[in-house]
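Q: File entry.cif below, mmCIF, C-alpha atoms:
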```cif
data_input
loop_
_atom_site.group_PDB
_atom_site.id
_atom_site.type_symbol
_atom_site.label_atom_id
_atom_site.label_comp_id
_atom_site.auth_asym_id
_atom_site.auth_seq_id
_atom_site.Cartn_x
_atom_site.Cartn_y
_atom_site.Cartn_z
ATOM 1 C CA MET A 1 0.000 0.000 0.000
ATOM 2 C CA GLU A 2 3.032 2.243 0.511
ATOM 3 C CA GLU A 3 3.638 2.725 -3.207
ATOM 4 C CA LEU A 4 -0.064 3.381 -3.750
ATOM 5 C CA VAL A 5 0.023 6.153 -1.162
ATOM 6 C CA ARG A 6 3.083 7.735 -2.720
ATOM 7 C CA ARG A 7 1.524 7.709 -6.178
ATOM 8 C CA ALA A 8 -1.726 9.157 -4.854
ATOM 9 C CA GLN A 9 0.250 11.871 -3.056
ATOM 10 C CA ARG A 10 1.887 12.788 -6.359
ATOM 11 C CA GLY A 11 -1.508 13.279 -7.987
ATOM 12 C CA ASP A 12 -2.126 9.938 -9.723
ATOM 13 C CA THR A 13 -5.925 9.710 -9.676
ATOM 14 C CA ARG A 14 -5.881 6.010 -10.557
ATOM 15 C CA ALA A 15 -3.814 5.348 -7.440
ATOM 16 C CA LEU A 16 -6.160 7.609 -5.494
ATOM 17 C CA ASN A 17 -9.075 5.446 -6.611
ATOM 18 C CA ALA A 18 -7.266 2.242 -5.715
ATOM 19 C CA LEU A 19 -6.398 3.595 -2.277
ATOM 20 C CA LEU A 20 -10.024 4.616 -1.783
ATOM 21 C CA SER A 21 -11.021 1.014 -2.547
ATOM 22 C CA GLU A 22 -8.536 -0.203 0.057
ATOM 23 C CA LEU A 23 -9.511 2.172 2.847
ATOM 24 C CA ALA A 24 -13.268 2.646 2.386
ATOM 25 C CA PRO A 25 -14.322 -0.759 3.786
ATOM 26 C CA TYR A 26 -12.089 -0.272 6.821
ATOM 27 C CA VAL A 27 -13.367 3.230 7.504
ATOM 28 C CA GLY A 28 -16.921 1.975 6.920
ATOM 29 C CA ARG A 29 -16.504 -0.702 9.586
ATOM 30 C CA ILE A 30 -15.312 1.784 12.195
ATOM 31 C CA CYS A 31 -17.937 4.394 11.361
ATOM 32 C CA GLY A 32 -20.688 1.793 11.021
ATOM 33 C CA ALA A 33 -20.180 0.454 14.523
ATOM 34 C CA VAL A 34 -19.508 3.787 16.231
ATOM 35 C CA ALA A 35 -21.762 6.289 14.474
ATOM 36 C CA LEU A 36 -24.668 3.876 13.767
ATOM 37 C CA SER A 37 -27.518 5.956 12.309
ATOM 38 C CA SER A 38 -25.067 8.694 11.277
ATOM 39 C CA ALA A 39 -22.605 6.178 9.863
ATOM 40 C CA ASP A 40 -23.061 7.111 6.197
ATOM 41 C CA ASP A 41 -22.239 10.746 6.869
ATOM 42 C CA ALA A 42 -19.362 9.831 9.177
ATOM 43 C CA THR A 43 -17.846 7.547 6.564
ATOM 44 C CA GLN A 44 -18.085 10.207 3.867
ATOM 45 C CA GLU A 45 -16.581 12.879 6.104
ATOM 46 C CA ALA A 46 -13.790 10.603 7.292
ATOM 47 C CA LEU A 47 -12.822 9.609 3.750
ATOM 48 C CA VAL A 48 -12.894 13.210 2.579
ATOM 49 C CA ALA A 49 -10.656 14.241 5.490
ATOM 50 C CA ILE A 50 -8.277 11.335 4.856
ATOM 51 C CA PHE A 51 -7.876 12.039 1.146
ATOM 52 C CA ARG A 52 -7.753 15.818 1.451
ATOM 53 C CA HIS A 53 -4.893 15.556 3.889
ATOM 54 C CA LEU A 54 -3.147 12.637 2.229
ATOM 55 C CA PRO A 55 -0.417 14.867 0.701
ATOM 56 C CA THR A 56 0.629 15.839 4.251
ATOM 57 C CA LEU A 57 1.141 12.235 5.403
ATOM 58 C CA ARG A 58 4.898 11.889 5.828
ATOM 59 C CA GLU A 59 5.050 8.157 6.474
ATOM 60 C CA PRO A 60 3.024 6.234 3.869
ATOM 61 C CA LEU A 61 3.524 2.975 5.779
ATOM 62 C CA ALA A 62 1.430 4.436 8.597
ATOM 63 C CA VAL A 63 -1.547 5.193 6.384
ATOM 64 C CA LYS A 64 -3.880 2.669 8.002
ATOM 65 C CA ALA A 65 -3.248 3.866 11.566
ATOM 66 C CA TRP A 66 -3.571 7.452 10.382
ATOM 67 C CA ALA A 67 -6.854 6.703 8.597
ATOM 68 C CA ARG A 68 -8.104 4.864 11.674
ATOM 69 C CA ARG A 69 -7.507 7.912 13.879
ATOM 70 C CA ILE A 70 -9.414 10.158 11.498
ATOM 71 C CA ALA A 71 -12.257 7.634 11.151
ATOM 72 C CA VAL A 72 -12.659 7.307 14.916
ATOM 73 C CA ARG A 73 -12.678 11.081 15.325
ATOM 74 C CA GLU A 74 -15.293 11.585 12.607
ATOM 75 C CA ALA A 75 -17.422 8.702 13.862
ATOM 76 C CA LEU A 76 -17.450 10.062 17.400
ATOM 77 C CA ARG A 77 -18.263 13.537 16.137
ATOM 78 C CA ALA A 78 -21.133 12.192 14.033
ATOM 79 C CA ALA A 79 -22.413 10.228 17.023
ATOM 80 C CA GLY A 80 -22.572 13.457 19.008
ATOM 81 C CA HIS A 81 -19.668 12.813 21.328
ATOM 82 C CA ARG A 82 -17.925 15.878 22.706
ATOM 83 C CA GLY A 83 -14.753 16.166 24.725
ATOM 84 C CA PRO A 84 -11.936 13.709 25.360
ATOM 85 C CA VAL A 85 -12.319 10.081 24.443
ATOM 86 C CA PRO A 86 -12.563 7.533 27.252
ATOM 87 C CA VAL A 87 -11.959 3.671 27.251
ATOM 88 C CA ASP A 88 -10.423 0.319 28.842
ATOM 89 C CA PRO A 89 -9.396 -2.728 26.831
ATOM 90 C CA GLY A 90 -9.361 -6.115 28.427
ATOM 91 C CA ASP A 91 -10.401 -9.570 27.548
ATOM 92 C CA LEU A 92 -14.061 -8.820 27.065
ATOM 93 C CA GLU A 93 -16.128 -11.497 25.433
ATOM 94 C CA ILE A 94 -18.371 -9.964 22.836
ATOM 95 C CA PRO A 95 -20.910 -12.300 21.229
ATOM 96 C CA VAL A 96 -19.864 -13.250 17.737
ATOM 97 C CA ALA A 97 -22.743 -12.539 15.408
ATOM 98 C CA VAL A 98 -23.516 -15.554 13.255
ATOM 99 C CA ASP A 99 -26.767 -14.681 11.527
ATOM 100 C CA ALA A 100 -28.885 -11.700 10.555
ATOM 101 C CA SER A 101 -30.951 -11.667 13.750
ATOM 102 C CA THR A 102 -27.790 -11.632 15.837
ATOM 103 C CA ALA A 103 -26.477 -8.788 13.736
ATOM 104 C CA ILE A 104 -29.586 -6.779 14.524
ATOM 105 C CA ASP A 105 -29.138 -7.568 18.214
ATOM 106 C CA VAL A 106 -25.536 -6.354 18.118
ATOM 107 C CA ARG A 107 -26.669 -3.133 16.510
ATOM 108 C CA GLU A 108 -29.386 -2.646 19.141
ATOM 109 C CA VAL A 109 -26.974 -3.280 21.974
ATOM 110 C CA LEU A 110 -24.384 -0.929 20.479
ATOM 111 C CA ALA A 111 -27.060 1.750 20.114
ATOM 112 C CA GLY A 112 -27.548 1.679 23.888
ATOM 113 C CA LEU A 113 -23.885 2.417 24.568
ATOM 114 C CA ASP A 114 -21.979 5.666 24.751
ATOM 115 C CA PRO A 115 -20.281 6.386 21.377
ATOM 116 C CA VAL A 116 -16.909 6.283 23.079
ATOM 117 C CA HIS A 117 -17.603 2.786 24.356
ATOM 118 C CA ARG A 118 -18.655 1.714 20.882
ATOM 119 C CA ALA A 119 -15.344 3.031 19.563
ATOM 120 C CA VAL A 120 -13.389 1.001 22.109
ATOM 121 C CA LEU A 121 -15.310 -2.136 21.307
ATOM 122 C CA VAL A 122 -14.950 -1.837 17.566
ATOM 123 C CA LEU A 123 -11.214 -1.166 17.772
ATOM 124 C CA ARG A 124 -10.672 -4.068 20.116
ATOM 125 C CA HIS A 125 -12.951 -6.654 18.589
ATOM 126 C CA LEU A 126 -13.122 -5.876 14.917
ATOM 127 C CA ASP A 127 -9.590 -4.628 14.558
ATOM 128 C CA ASP A 128 -7.873 -6.559 17.355
ATOM 129 C CA LEU A 129 -5.762 -3.572 18.360
ATOM 130 C CA SER A 130 -3.380 -3.455 21.288
ATOM 131 C CA GLU A 131 -3.892 -0.937 24.061
ATOM 132 C CA ASP A 132 -1.185 1.298 22.653
ATOM 133 C CA GLU A 133 -2.699 1.210 19.186
ATOM 134 C CA MET A 134 -6.125 1.968 20.612
ATOM 135 C CA ALA A 135 -4.719 4.853 22.598
ATOM 136 C CA ALA A 136 -3.172 6.268 19.432
ATOM 137 C CA ALA A 137 -6.413 5.906 17.502
ATOM 138 C CA LEU A 138 -8.455 7.505 20.269
ATOM 139 C CA GLU A 139 -5.824 10.153 20.981
ATOM 140 C CA VAL A 140 -5.772 9.450 24.732
ATOM 141 C CA PRO A 141 -3.151 7.989 27.107
ATOM 142 C CA PRO A 142 -3.040 4.153 27.371
ATOM 143 C CA GLY A 143 -4.197 4.399 30.974
ATOM 144 C CA THR A 144 -7.410 6.062 29.895
ATOM 145 C CA VAL A 145 -7.951 3.322 27.356
ATOM 146 C CA LYS A 146 -7.789 0.684 30.101
ATOM 147 C CA SER A 147 -10.456 2.181 32.311
ATOM 148 C CA ARG A 148 -12.890 2.766 29.497
ATOM 149 C CA LEU A 149 -12.961 -0.725 28.076
ATOM 150 C CA PHE A 150 -13.937 -2.039 31.459
ATOM 151 C CA ARG A 151 -17.027 0.134 31.388
ATOM 152 C CA ALA A 152 -17.726 -0.636 27.744
ATOM 153 C CA ARG A 153 -17.488 -4.359 28.408
ATOM 154 C CA ALA A 154 -19.764 -4.162 31.427
ATOM 155 C CA ALA A 155 -22.327 -2.059 29.587
ATOM 156 C CA PHE A 156 -22.308 -4.375 26.581
ATOM 157 C CA ARG A 157 -22.738 -7.503 28.701
ATOM 158 C CA GLU A 158 -25.522 -5.946 30.724
ATOM 159 C CA ARG A 159 -27.511 -4.976 27.641
ATOM 160 C CA TRP A 160 -26.744 -8.181 25.764
ATOM 161 C CA SER A 161 -28.088 -10.391 28.562
ATOM 162 C CA ALA A 162 -31.078 -8.135 29.312
ATOM 163 C CA MET B 1 -17.760 -10.311 13.978
ATOM 164 C CA ASN B 2 -18.627 -9.643 10.348
ATOM 165 C CA ASN B 3 -22.206 -8.883 11.313
ATOM 166 C CA TRP B 4 -21.383 -5.713 13.172
ATOM 167 C CA PRO B 5 -22.929 -2.663 11.532
ATOM 168 C CA THR B 6 -20.834 -1.362 8.681
ATOM 169 C CA VAL B 7 -21.041 1.102 5.795
ATOM 170 C CA GLU B 8 -20.410 0.141 2.201
ATOM 171 C CA LEU B 9 -20.052 3.066 -0.168
ATOM 172 C CA ASP B 10 -22.028 2.650 -3.342
ATOM 173 C CA HIS B 11 -20.549 3.958 -6.589
ATOM 174 C CA VAL B 12 -22.304 7.323 -6.378
ATOM 175 C CA ALA B 13 -21.222 7.894 -2.774
ATOM 176 C CA ARG B 14 -17.684 7.031 -3.791
ATOM 177 C CA LEU B 15 -17.787 9.614 -6.575
ATOM 178 C CA ARG B 16 -19.068 12.201 -4.061
ATOM 179 C CA VAL B 17 -15.930 11.630 -1.992
ATOM 180 C CA LEU B 18 -13.670 12.170 -4.998
ATOM 181 C CA ALA B 19 -15.600 15.302 -5.980
ATOM 182 C CA ARG B 20 -14.811 16.821 -2.595
ATOM 183 C CA VAL B 21 -11.180 15.728 -2.635
ATOM 184 C CA LEU B 22 -10.076 16.825 -6.108
ATOM 185 C CA PRO B 23 -9.823 20.627 -6.171
ATOM 186 C CA GLY B 24 -10.665 21.344 -9.823
ATOM 187 C CA VAL B 25 -13.615 19.036 -10.441
ATOM 188 C CA TRP B 26 -17.377 19.380 -10.184
ATOM 189 C CA MET B 27 -20.008 16.691 -9.781
ATOM 190 C CA GLU B 28 -23.722 16.616 -10.453
ATOM 191 C CA GLU B 29 -26.123 13.770 -9.849
ATOM 192 C CA ARG B 30 -29.646 13.148 -11.014
ATOM 193 C CA VAL B 31 -32.258 10.405 -10.757
ATOM 194 C CA MET B 32 -33.197 9.402 -14.297
ATOM 195 C CA ASP B 33 -36.498 7.775 -15.095
ATOM 196 C CA ALA B 34 -34.930 4.842 -16.917
ATOM 197 C CA PRO B 35 -33.575 1.427 -15.913
ATOM 198 C CA PHE B 36 -29.959 1.155 -14.818
ATOM 199 C CA GLU B 37 -28.989 -0.987 -17.829
ATOM 200 C CA ASP B 38 -30.250 1.657 -20.276
ATOM 201 C CA VAL B 39 -28.551 4.582 -18.547
ATOM 202 C CA TRP B 40 -25.275 2.799 -17.955
ATOM 203 C CA GLY B 41 -25.254 1.209 -21.397
ATOM 204 C CA LEU B 42 -25.521 4.617 -23.052
ATOM 205 C CA ALA B 43 -23.045 6.381 -20.767
ATOM 206 C CA THR B 44 -20.350 3.787 -21.372
ATOM 207 C CA ASP B 45 -20.927 3.416 -25.109
ATOM 208 C CA PHE B 46 -18.002 5.791 -25.504
ATOM 209 C CA GLU B 47 -18.307 6.428 -29.224
ATOM 210 C CA ARG B 48 -21.815 7.818 -28.587
ATOM 211 C CA VAL B 49 -20.535 10.475 -26.153
ATOM 212 C CA PRO B 50 -20.693 13.280 -28.802
ATOM 213 C CA GLU B 51 -24.465 12.678 -28.941
ATOM 214 C CA PHE B 52 -24.889 14.046 -25.415
ATOM 215 C CA ASP B 53 -21.707 16.012 -24.699
ATOM 216 C CA THR B 54 -21.306 19.053 -26.942
ATOM 217 C CA ASP B 55 -17.668 19.470 -25.831
ATOM 218 C CA VAL B 56 -16.736 16.216 -27.544
ATOM 219 C CA HIS B 57 -16.349 16.053 -31.319
ATOM 220 C CA SER B 58 -15.520 12.343 -31.616
ATOM 221 C CA VAL B 59 -14.338 9.366 -29.590
ATOM 222 C CA THR B 60 -12.482 6.380 -30.965
ATOM 223 C CA VAL B 61 -12.069 3.282 -28.827
ATOM 224 C CA LEU B 62 -8.466 2.207 -29.460
ATOM 225 C CA TRP B 63 -8.887 -0.962 -27.429
ATOM 226 C CA ARG B 64 -11.168 -2.301 -24.717
ATOM 227 C CA GLN B 65 -10.482 -5.370 -22.618
ATOM 228 C CA ASP B 66 -12.186 -6.486 -19.418
ATOM 229 C CA GLU B 67 -12.293 -3.422 -17.147
ATOM 230 C CA ARG B 68 -9.776 -1.303 -19.067
ATOM 231 C CA ALA B 69 -9.984 0.738 -22.252
ATOM 232 C CA ARG B 70 -8.089 3.411 -24.110
ATOM 233 C CA LEU B 71 -9.764 6.167 -26.107
ATOM 234 C CA ARG B 72 -8.728 8.789 -28.602
ATOM 235 C CA VAL B 73 -10.825 11.884 -28.026
ATOM 236 C CA ARG B 74 -11.195 14.968 -30.186
ATOM 237 C CA ALA B 75 -12.585 18.022 -28.452
ATOM 238 C CA ASN B 76 -15.235 20.128 -30.134
ATOM 239 C CA VAL B 77 -13.889 23.664 -30.577
ATOM 240 C CA LEU B 78 -16.285 25.775 -32.637
ATOM 241 C CA GLY B 79 -17.324 22.720 -34.587
ATOM 242 C CA VAL B 80 -13.771 21.598 -35.290
ATOM 243 C CA GLY B 81 -12.382 18.412 -33.772
ATOM 244 C CA LEU B 82 -9.069 19.040 -32.025
ATOM 245 C CA PRO B 83 -6.943 16.301 -30.405
ATOM 246 C CA ALA B 84 -7.550 16.137 -26.653
ATOM 247 C CA GLY B 85 -4.953 13.518 -25.837
ATOM 248 C CA PRO B 86 -5.196 9.821 -25.003
ATOM 249 C CA VAL B 87 -7.703 8.825 -22.352
ATOM 250 C CA ALA B 88 -7.209 5.793 -20.118
ATOM 251 C CA VAL B 89 -10.406 4.229 -18.800
ATOM 252 C CA ASP B 90 -11.254 1.980 -15.857
ATOM 253 C CA VAL B 91 -14.822 0.761 -16.257
ATOM 254 C CA ARG B 92 -17.032 -1.738 -14.489
ATOM 255 C CA ASN B 93 -20.734 -2.048 -13.877
ATOM 256 C CA GLY B 94 -21.856 1.292 -12.381
ATOM 257 C CA TRP B 95 -18.400 2.843 -12.205
ATOM 258 C CA CYS B 96 -16.209 4.546 -14.797
ATOM 259 C CA TRP B 97 -13.052 6.615 -14.301
ATOM 260 C CA MET B 98 -11.402 8.260 -17.315
ATOM 261 C CA ARG B 99 -8.209 10.236 -17.204
ATOM 262 C CA SER B 100 -5.972 12.067 -19.604
ATOM 263 C CA PRO B 101 -2.765 13.755 -18.429
ATOM 264 C CA VAL B 102 -4.676 16.892 -17.398
ATOM 265 C CA TYR B 103 -8.316 15.934 -17.179
ATOM 266 C CA VAL B 104 -10.593 13.438 -15.423
ATOM 267 C CA VAL B 105 -14.148 12.260 -15.994
ATOM 268 C CA GLY B 106 -15.967 10.061 -13.510
ATOM 269 C CA MET B 107 -19.348 8.431 -13.905
ATOM 270 C CA ALA B 108 -21.285 6.353 -11.409
ATOM 271 C CA ALA B 109 -24.749 4.851 -11.348
ATOM 272 C CA VAL B 110 -26.889 2.864 -8.946
ATOM 273 C CA PRO B 111 -30.408 1.533 -9.483
ATOM 274 C CA GLU B 112 -33.200 3.143 -7.471
ATOM 275 C CA GLY B 113 -36.166 0.876 -8.104
ATOM 276 C CA ASP B 114 -36.993 1.173 -11.810
ATOM 277 C CA ARG B 115 -35.026 4.416 -11.985
ATOM 278 C CA THR B 116 -31.312 5.188 -11.888
ATOM 279 C CA ARG B 117 -29.267 7.604 -9.833
ATOM 280 C CA PHE B 118 -26.550 8.805 -12.180
ATOM 281 C CA ALA B 119 -23.577 10.938 -11.161
ATOM 282 C CA HIS B 120 -21.111 12.689 -13.405
ATOM 283 C CA LEU B 121 -17.812 14.289 -12.363
ATOM 284 C CA GLU B 122 -15.516 16.232 -14.622
ATOM 285 C CA GLY B 123 -12.624 18.667 -14.446
ATOM 286 C CA VAL B 124 -8.952 19.303 -13.953
ATOM 287 C CA PRO B 125 -7.960 17.261 -10.896
ATOM 288 C CA LEU B 126 -4.954 19.369 -9.771
ATOM 289 C CA ARG B 127 -3.966 16.819 -7.204
ATOM 290 C CA GLY B 128 -0.475 16.918 -5.731
ATOM 291 C CA PRO B 129 1.624 18.732 -3.136
ATOM 292 C CA ARG B 130 0.007 21.545 -1.176
ATOM 293 C CA TRP B 131 2.222 24.214 -2.751
ATOM 294 C CA LEU B 132 1.145 23.147 -6.226
ATOM 295 C CA GLN B 133 -2.515 23.216 -5.261
ATOM 296 C CA LEU B 134 -2.127 26.735 -3.865
ATOM 297 C CA LEU B 135 -0.355 27.876 -7.002
ATOM 298 C CA LEU B 136 -3.041 26.467 -9.244
ATOM 299 C CA GLN B 137 -6.007 27.564 -7.133
ATOM 300 C CA PRO B 138 -7.308 30.001 -9.794
ATOM 301 C CA VAL B 139 -7.278 27.197 -12.361
ATOM 302 C CA ALA B 140 -9.229 24.995 -9.949
ATOM 303 C CA HIS B 141 -11.843 27.722 -9.422
ATOM 304 C CA LEU B 142 -12.193 28.265 -13.150
ATOM 305 C CA SER B 143 -12.472 24.537 -13.815
ATOM 306 C CA ARG B 144 -15.156 24.099 -11.145
ATOM 307 C CA TRP B 145 -17.120 27.089 -12.436
ATOM 308 C CA ARG B 146 -16.919 25.851 -16.019
ATOM 309 C CA HIS B 147 -18.034 22.316 -15.182
ATOM 310 C CA ARG B 148 -20.749 23.438 -12.809
ATOM 311 C CA HIS B 149 -22.429 24.923 -15.874
ATOM 312 C CA HIS B 150 -21.411 22.245 -18.350
ATOM 313 C CA ILE B 151 -22.273 18.997 -16.585
ATOM 314 C CA PRO B 152 -26.044 19.626 -16.325
ATOM 315 C CA HIS B 153 -26.067 19.908 -20.133
ATOM 316 C CA ASP B 154 -24.399 16.490 -20.356
ATOM 317 C CA LEU B 155 -27.069 15.036 -18.088
ATOM 318 C CA ASP B 156 -29.789 16.680 -20.153
ATOM 319 C CA GLY B 157 -28.152 15.172 -23.236
ATOM 320 C CA ILE B 158 -28.166 11.680 -21.752
ATOM 321 C CA GLU B 159 -31.845 12.053 -20.891
ATOM 322 C CA ARG B 160 -32.568 13.244 -24.456
ATOM 323 C CA CYS B 161 -30.764 10.242 -25.911
ATOM 324 C CA LEU B 162 -32.816 7.995 -23.643
ATOM 325 C CA GLY B 163 -36.020 9.658 -24.818
ATOM 326 C CA LEU B 164 -36.706 11.138 -21.386
ATOM 327 C CA ARG B 165 -36.850 14.738 -22.608
ATOM 328 C CA PRO B 166 -37.671 16.347 -25.961
ATOM 329 C CA ASP B 167 -34.928 17.263 -28.457
#
```
Could you quickly redo this structure as structure tokens?

A:
Amino acid sequence: MEELVRRAQRGDTRALNALLSELAPYVGRICGAVALSSADDATQEALVAIFRHLPTLREPLAVKAWARRIAVREALRAAGHRGPVPVDPGDLEIPVAVDASTAIDVREVLAGLDPVHRAVLVLRHLDDLSEDEMAAALEVPPGTVKSRLFRARAAFRERWSA
Amino acid sequence: MNNWPTVELDHVARLRVLARVLPGVWMEERVMDAPFEDVWGLATDFERVPEFDTDVHSVTVLWRQDERARLRVRANVLGVGLPAGPVAVDVRNGWCWMRSPVYVVGMAAVPEGDRTRFAHLEGVPLRGPRWLQLLLQPVAHLSRWRHRHHIPHDLDGIERCLGLRPD
């Protein structure tokens, strides 16, 4: 993907398109799980921000982490979150959705959570990020990440078993 | 895990992103009262482009294979066909991206029931380092202004060719 980023930075619109194909599903997953009903707008805004600022990205190898940070920020904004981002990663057990009805349940449970908790869950369970990577994506210290996932996990379990 | 809510950009939404990212382009979209196959079939029958785009004098398909094609385009300048450079094309169902060294055209379509949402993007992309974009800002403004007025005529032309509006 590094070469694709460099070509897109130089103005190659074919490379820009190819990079959009690479990043859009990833950004859509983050925004879909965090912004829920505002996910379409969040995804659009995140992709626009990513590609507008692409020429300023100094390390093309870091494009995915950089895009992740922007996607999380836009998703939280679209979900109405204000202020610093909270969290706490751990070994939470989130039900693995296996059919359409389970998918609807996951969406309903996520809708009952704070957007910040949704962000922690999606980064941990869809992206399998470490605490440090989550902290970078959420732009908070690793310690803050720890405390928030605890609450996210508890809230998810409570609503899932209700 | 795959059943968590997600967003998949359709072709038109994808073109909207590019329209906001490329400084010198403009995009218009319209719901046409015709099936997707008819709209998309006409839009990507490249040699018919002069029928609905008055800026184009003629198009010759040099080769077309799978999702790639190469065109020779002559621009229409006061009724005279002038070479507009080679155009490389990426095309698949509902998505088309054409580029010459200084110009891009994007088309996207998605079915909406029996109708079709069709989007058309065109202009001078002016992508590149920030300093270059700043330098060429007036060109970007001019290109956007020009295509803001031109693209609706292309869409009207497509609708005329489809029999959706009178000649």

Q: Distance limit 12 Å, atoms considered: all atoms listed in the file. Which chain B residues sit that close to chain A? Return them as a VMD selection string.

A: chain B and resid 1 to 23 68 88 to 91 95 to 106 124 to 133

Q: Within 8 Å of Glu28 of chain B, counting all atoms listed in the file, which residues qualify if same-chain residues fewer than 2 places away don't, as a short mmCIF file (atom, residue, chain, number, x, y, z; two decimals) with C-alpha atoms, keeping the file's coordinate frame?

A:
```cif
data_model
loop_
_atom_site.label_atom_id
_atom_site.label_comp_id
_atom_site.auth_asym_id
_atom_site.auth_seq_id
_atom_site.Cartn_x
_atom_site.Cartn_y
_atom_site.Cartn_z
CA TRP B 26 -17.38 19.38 -10.18
CA ARG B 30 -29.65 13.15 -11.01
CA ALA B 119 -23.58 10.94 -11.16
CA HIS B 120 -21.11 12.69 -13.40
CA LEU B 121 -17.81 14.29 -12.36
CA ARG B 148 -20.75 23.44 -12.81
CA ILE B 151 -22.27 19.00 -16.58
CA PRO B 152 -26.04 19.63 -16.32
#
```

Q: For each of A:Phe156, A:Ala137, A:Pro115, A:Leu4, take the minimum atom-to-atom distance to Ala79 of chain A, counting all atoms listed in the file, then give the residue where this is smallest.

A: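 Distance minimum relative to Ala79 of chain A lands on A:Pro115.
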
Q: Grab the atom CA of His147 of chain B to atom CA of Asn76 of chain B distance for me, in Å with one decimal place.

A: 15.4 Å

Q: What is the distance, in Å and to one decimal place, between atom CA of Arg124 of chain A and atom CA of Val5 of chain A?

A: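 Atom CA of Val5 of chain A lies 25.9 Å from atom CA of Arg124 of chain A.
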
Q: Tell me which residues the PyMOL selection byres ((chain B and resi 79) around 12) grabs here, as JSON, numbers by chain.

A: {"B": [50, 54, 55, 56, 57, 58, 74, 75, 76, 77, 78, 80, 81, 82]}

Q: From the set A:Leu123, A:Ala136, A:Ile70, A:Ala111, which residue has the shortest atom-to-atom contact distance to Arg159 of chain A, counting all atoms listed in the file?

A: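 Closest to Arg159 of chain A of all the choices is A:Ala111.
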
Q: In Å to one decimal, how far is atom CA of Glu112 of chain B from atom CA of Val31 of chain B?

A: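 Atom CA of Glu112 of chain B lies 8.0 Å from atom CA of Val31 of chain B.
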
Q: Name the residues captured by the PyMOL selection byres ((chain B and resi 167) around 12) when it is applied to the shown file; answer as a PyMOL selection string.

A: chain B and resi 51-52+156-166

Q: Let me know the centre plus edge lengths, in Å and rounded to one decimal, of a box with edges along x, y and z that contains all listed atoms of segment 58-75 of chain B and is padded by 8 Å on every side, as lines of an AutoDock Vina configuration file.

A:
```
center_x = -11.8
center_y = 5.8
center_z = -24.4
size_x = 23.4
size_y = 40.5
size_z = 30.5
```

Q: Can you translate the PyMOL selection byres ((chain B and resi 72) around 6) into the concrete residues it hits in this file, as a PyMOL selection string?

A: chain B and resi 59-60+71+73+86

Q: Identify the residues around (-35.3, 5.8, -17.7) within a radius of 8 Å, measuring from all atoms listed in the file in the coordinates stated by the file, and give them as a PyMOL selection string.

A: chain B and resi 32-36+38-39+114-116+159+162+164
